[in-house]
Each structure stands twice: as C-alpha cells, then as structure tokens.
Amino acid sequence: MKTRLAIAASLLSVALAGCSDASESGDTALDRYLCQQSDLDGRFLQLVSGAFSRDDLGGLGLDPAARKREYRAAGMERGRFVFWKESLPKPPFDPPMNVVCQVLVFESQEQAADWVASLDADAEDLAASGILWLPGGRRLTEEIAPIVGARAFRVTAEEGPARVTLIATYAAEGSIVRSVFAGDRDGRVTSDYVRAIWEAQATRLAGD
C-alpha cells in the first residue's frame with residue numbers, strides 16, 4: 001500500500017506533467033466544459049491543465065489496481081482538467097481558494113449517469129474521483145443538497161498542519177461527467193460559492 005506522502009507526490013507529478021497522453025482527436029473541444037476565468041468569482045491564476053487516462057486517475061488511490069478495474073468496468077475512458085488558484089493582494093489575507101474543474105468521458109450516457117449515482121460520502125472514493133489531493137489524516141464527509149442539479153459533497157481533511165475543506169460536485173451530461181471542486185484551508189468555501197461557478201458556466205455554455 002502506498003504511503004500518503006507517496007500518493008500526494010504521485011498526484012503532483014501527474015498534474016504537473018499534464019498527465020499521460022490521453023488526448024484524442026477533437027478532445028480539446030471538451031475544454032469548453034472546464035472553468036474559464038470569467039466563470040470564477042475573483043482573480044484567479046491558472047496553474048496547470050491537461051488530459052489524463054482512467055488509469056492515471058485510478059492510480060491515485062490507495063488501491064490503484066482495484067480502482068483501475070473499477071473505472072474500466074464503469075466505462076470511464078479519459079478526462080481533462082484545469083486547476084485555478086485565487087490571486088490575493090499583499091498580506092494579511094485569508095488563505096486562497098483553489099478550484100479544479102474536470103470533465104470525464106464515458107462510453108455511454110447510461111454509464112456516466114450510473115457513475116455519478118454510485119458515488120457516496122466516502123473520503124477515499126471522493127479523493128480518487130478527480131485530480132485533487134486531500135490530507136490523509138482525519139477526514140469527515142457528508143452529502144449536501146444538490147447544487148444546480150449536481151450531486152454535492154462536503155469534505156474536511158486534516159493531517160498535522162495540512163487541512164482542507166472541499167465541496168465536490170458531479171453532474172452527468174450525456175456521456176460526460178462535469179465536476180467542480182472548490183476548497184480552501186479555513187473552510188470558507190460555501191455551496192453558494194460553488195453554485196455561482198456552475199451558473200456562470202451554464203450562462204457561458206448557453207451562449208456558445
């Protein structure tokens with residue numbers, strides 16, 4: 001079993017490398033479903049973005065072999081993501097907000113919907129559902145009210161000085177699953193904050 005440190009290092013190396021060469025012809029068209037700066041409330045810097053395979057994503061969990069089999073059976077194929085960090089003025093200031101937006105591609109509409117329906121408030125499952133990292137110590141998870149039709153979960157995690165509060169959201173749209181993950185160190189993230197991102201995306205996509 002990988003140590004928590006190794007898992008964190010693995011995720012960071014995957015993200016910074018842009019993940020594996022999982023892109024296919026036309027896959028960049030999926031980027032319209034990812035957050036753009038205009039969708040976010042405040043000033044944000046785009047730190048990294050890229051494509052990944054289901055094995056890249058499955059490999060980030062505590063039991064990579066089992067997670068890869070699970071994602072293969074679920075019909076997951078690949079995904080794309082973008083990671084934004086809030087740009088703050090000079091200190092003193094609150095810890096920055098981090099936002100990861102992600103799109104997963106499935107073989108069929110039914111499989112995408114089934115995968116979202118199968119999610120539960122399990123910290124390990126949620127941690128392995130996207131290009132994100134949670135401290136490996138004490139974790140509390142709960143499902144909260146849907147946000148603009150998306151299933152939503154609140155996760156708090158703490159290990160030593162590292163702590164995160166995260167809202168994770170998932171919505172199946174045809175054969176893709178869109179997600180917004182937003183969080184910060186001090187638990188300032190709210191459902192209304194995440195709702196504003198989903199609504200801004202919806203307005204933009206409707207105008208495309």
# chains A, B, ... in the order shown; residues from 1 in each chain; ligands from 1
$ select_by_dssp --residues "segment 17-175 of chain A" --states "strand (DSSP E or B)" --output "PyMOL selection string"
chain A and resi 44-53+76-86+98-106+138-147+150-159+162-173
$ write_last_selection --atoms "C-alpha atoms" --output "mmCIF file, in the first residue's frame"
data_model
loop_
_atom_site.group_PDB
_atom_site.id
_atom_site.type_symbol
_atom_site.label_atom_id
_atom_site.label_comp_id
_atom_site.auth_asym_id
_atom_site.auth_seq_id
_atom_site.Cartn_x
_atom_site.Cartn_y
_atom_site.Cartn_z
ATOM 1 C CA PHE A 44 -7.565 33.545 -10.320
ATOM 2 C CA LEU A 45 -4.376 32.243 -11.877
ATOM 3 C CA GLN A 46 -4.430 29.092 -13.993
ATOM 4 C CA LEU A 47 -1.669 26.878 -12.616
ATOM 5 C CA VAL A 48 -1.950 23.701 -14.677
ATOM 6 C CA SER A 49 -4.277 21.885 -17.057
ATOM 7 C CA GLY A 50 -4.128 18.692 -19.056
ATOM 8 C CA ALA A 51 -5.533 15.358 -20.128
ATOM 9 C CA PHE A 52 -5.483 12.077 -18.238
ATOM 10 C CA SER A 53 -6.482 8.462 -18.777
ATOM 11 C CA MET A 76 -14.711 5.556 -17.911
ATOM 12 C CA GLU A 77 -12.367 6.408 -20.761
ATOM 13 C CA ARG A 78 -10.409 9.603 -20.081
ATOM 14 C CA GLY A 79 -10.675 13.161 -18.824
ATOM 15 C CA ARG A 80 -9.407 16.709 -18.823
ATOM 16 C CA PHE A 81 -8.921 19.199 -16.004
ATOM 17 C CA VAL A 82 -7.834 22.732 -15.126
ATOM 18 C CA PHE A 83 -6.538 23.957 -11.757
ATOM 19 C CA TRP A 84 -7.069 27.582 -10.679
ATOM 20 C CA LYS A 85 -5.686 29.348 -7.576
ATOM 21 C CA GLU A 86 -7.080 32.581 -6.206
ATOM 22 C CA ASN A 98 -8.448 26.609 -5.049
ATOM 23 C CA VAL A 99 -10.758 25.467 -7.857
ATOM 24 C CA VAL A 100 -10.351 22.372 -10.015
ATOM 25 C CA CYS A 101 -12.763 21.826 -12.890
ATOM 26 C CA GLN A 102 -12.854 18.446 -14.583
ATOM 27 C CA VAL A 103 -14.658 16.548 -17.321
ATOM 28 C CA LEU A 104 -14.720 12.737 -17.562
ATOM 29 C CA VAL A 105 -15.660 10.865 -20.724
ATOM 30 C CA PHE A 106 -17.617 7.583 -20.513
ATOM 31 C CA ARG A 138 -8.779 12.713 9.884
ATOM 32 C CA ARG A 139 -11.494 13.066 7.242
ATOM 33 C CA LEU A 140 -15.180 13.871 7.506
ATOM 34 C CA THR A 141 -17.520 13.658 4.530
ATOM 35 C CA GLU A 142 -21.214 14.330 4.013
ATOM 36 C CA GLU A 143 -23.542 14.648 1.059
ATOM 37 C CA ILE A 144 -25.170 18.052 0.922
ATOM 38 C CA ALA A 145 -28.072 19.445 -1.103
ATOM 39 C CA PRO A 146 -27.586 19.322 -4.892
ATOM 40 C CA ILE A 147 -26.037 22.390 -6.478
ATOM 41 C CA ALA A 150 -25.172 18.371 -9.461
ATOM 42 C CA ARG A 151 -24.585 15.901 -6.630
ATOM 43 C CA ALA A 152 -22.571 17.657 -3.952
ATOM 44 C CA PHE A 153 -20.358 16.566 -1.057
ATOM 45 C CA ARG A 154 -18.510 18.470 1.642
ATOM 46 C CA VAL A 155 -15.165 17.007 2.702
ATOM 47 C CA THR A 156 -12.937 18.192 5.515
ATOM 48 C CA ALA A 157 -9.496 16.652 5.951
ATOM 49 C CA GLU A 158 -6.658 17.356 8.337
ATOM 50 C CA GLU A 159 -3.225 15.859 8.952
ATOM 51 C CA ALA A 162 -2.300 20.458 6.454
ATOM 52 C CA ARG A 163 -6.050 20.977 6.383
ATOM 53 C CA VAL A 164 -8.625 21.368 3.618
ATOM 54 C CA THR A 165 -12.350 21.939 3.354
ATOM 55 C CA LEU A 166 -13.668 20.994 -0.066
ATOM 56 C CA ILE A 167 -17.005 20.977 -1.862
ATOM 57 C CA ALA A 168 -17.038 18.383 -4.655
ATOM 58 C CA THR A 169 -19.781 18.378 -7.303
ATOM 59 C CA TYR A 170 -20.677 15.949 -10.109
ATOM 60 C CA ALA A 171 -23.223 16.114 -12.936
ATOM 61 C CA ALA A 172 -23.724 13.706 -15.841
ATOM 62 C CA GLU A 173 -24.486 15.382 -19.150
#
$ residues_around --residues "segment 64-70 of chain A" --least-positions-apart "3" --cutoff "12 Å" --atoms "only C-alpha atoms" --output "compact mmCIF listing (two decimals) with N, CA and C atoms, in the first residue's frame"
# COMPACT_ATOMS: atom_id res chain seq x y z
N MET A 1 0.85 -1.19 0.00
CA MET A 1 0.00 0.00 0.00
C MET A 1 0.88 1.24 0.00
N LYS A 2 0.53 2.22 -0.85
CA LYS A 2 1.32 3.43 -0.90
C LYS A 2 1.15 4.24 0.38
N ILE A 7 1.34 9.04 -2.30
CA ILE A 7 0.13 9.35 -3.07
C ILE A 7 0.12 10.82 -3.45
N SER A 10 2.63 11.43 -6.10
CA SER A 10 2.18 10.87 -7.37
C SER A 10 1.20 11.80 -8.05
N SER A 53 -5.77 9.70 -18.48
CA SER A 53 -6.48 8.46 -18.78
C SER A 53 -7.17 7.96 -17.51
N ARG A 54 -8.05 6.98 -17.67
CA ARG A 54 -8.69 6.42 -16.47
C ARG A 54 -7.66 5.74 -15.57
N ASP A 55 -6.57 5.20 -16.16
CA ASP A 55 -5.53 4.58 -15.34
C ASP A 55 -4.74 5.63 -14.57
N ASP A 56 -4.55 6.83 -15.16
CA ASP A 56 -3.92 7.92 -14.41
C ASP A 56 -4.75 8.22 -13.17
N LEU A 57 -6.06 8.37 -13.37
CA LEU A 57 -6.93 8.72 -12.25
C LEU A 57 -7.02 7.59 -11.25
N GLY A 58 -7.20 6.36 -11.74
CA GLY A 58 -7.27 5.21 -10.84
C GLY A 58 -5.99 4.99 -10.06
N GLY A 59 -4.87 5.38 -10.63
CA GLY A 59 -3.59 5.17 -9.98
C GLY A 59 -3.33 6.08 -8.79
N LEU A 60 -4.22 7.05 -8.55
CA LEU A 60 -4.01 7.99 -7.45
C LEU A 60 -4.58 7.49 -6.14
N GLY A 61 -5.34 6.39 -6.15
CA GLY A 61 -5.99 5.91 -4.94
C GLY A 61 -5.08 5.04 -4.09
N ALA A 73 -14.55 -1.03 -15.56
CA ALA A 73 -15.88 -1.64 -15.56
C ALA A 73 -16.98 -0.59 -15.66
N ALA A 74 -16.71 0.60 -15.13
CA ALA A 74 -17.71 1.67 -15.16
C ALA A 74 -17.82 2.34 -16.52
N GLY A 75 -16.92 2.01 -17.44
CA GLY A 75 -16.95 2.61 -18.77
C GLY A 75 -16.25 3.95 -18.87
N MET A 76 -15.48 4.32 -17.84
CA MET A 76 -14.71 5.56 -17.91
C MET A 76 -13.60 5.41 -18.95
N GLU A 77 -13.39 6.46 -19.73
CA GLU A 77 -12.37 6.41 -20.76
C GLU A 77 -11.20 7.35 -20.47
N ARG A 78 -11.48 8.61 -20.23
CA ARG A 78 -10.41 9.60 -20.08
C ARG A 78 -11.01 10.88 -19.52
N TRP A 115 -22.33 6.21 -12.91
CA TRP A 115 -21.15 6.51 -12.10
C TRP A 115 -21.45 7.62 -11.10
N SER A 118 -23.55 6.29 -8.33
CA SER A 118 -22.87 5.34 -7.44
C SER A 118 -22.00 6.02 -6.39
N GLU A 124 -12.26 8.18 0.66
CA GLU A 124 -11.31 7.60 -0.30
C GLU A 124 -11.88 7.61 -1.71
N ASP A 125 -13.18 7.30 -1.85
CA ASP A 125 -13.80 7.33 -3.18
C ASP A 125 -13.79 8.74 -3.76
N LEU A 126 -14.15 9.71 -2.95
CA LEU A 126 -14.19 11.08 -3.44
C LEU A 126 -12.79 11.58 -3.77
N ALA A 127 -11.79 11.21 -2.97
CA ALA A 127 -10.42 11.65 -3.23
C ALA A 127 -9.91 11.08 -4.55
N ALA A 128 -10.41 9.91 -4.95
CA ALA A 128 -9.96 9.27 -6.19
C ALA A 128 -10.86 9.61 -7.38
N SER A 129 -11.82 10.51 -7.18
CA SER A 129 -12.77 10.82 -8.25
C SER A 129 -12.31 11.97 -9.13
$ closest_residue --among "A:Ile131, A:Asp122, A:Leu34, A:Asp27" --to "Ile197 of chain A" --atoms "only C-alpha atoms"
A:Leu34
$ select_by_dssp --residues "segment 13-132 of chain A" --states "helix (DSSP H, G or I)" --output "ChimeraX atom specification"
/A:13-16,27-33,37-39,54-58,64-73,109-118,123-127
$ atom_distance --atom1 "atom CA of Gly42 of chain A" --atom2 "atom CA of Ala200 of chain A"
12.7 Å
$ closest_residue --among "A:Ala113, A:Pro96, A:Tyr193, A:Gln201" --to "Asp31 of chain A" --atoms "only C-alpha atoms"
A:Gln201
$ atom_distance --atom1 "atom CA of Arg178 of chain A" --atom2 "atom CA of Asp94 of chain A"
28.3 Å
$ atom_distance --atom1 "atom CA of Gly174 of chain A" --atom2 "atom CA of Arg195 of chain A"
20.8 Å
$ closest_residue --among "A:Tyr33, A:Pro161, A:Ala123, A:Asp41" --to "Ser179 of chain A" --atoms "only C-alpha atoms"
A:Tyr33
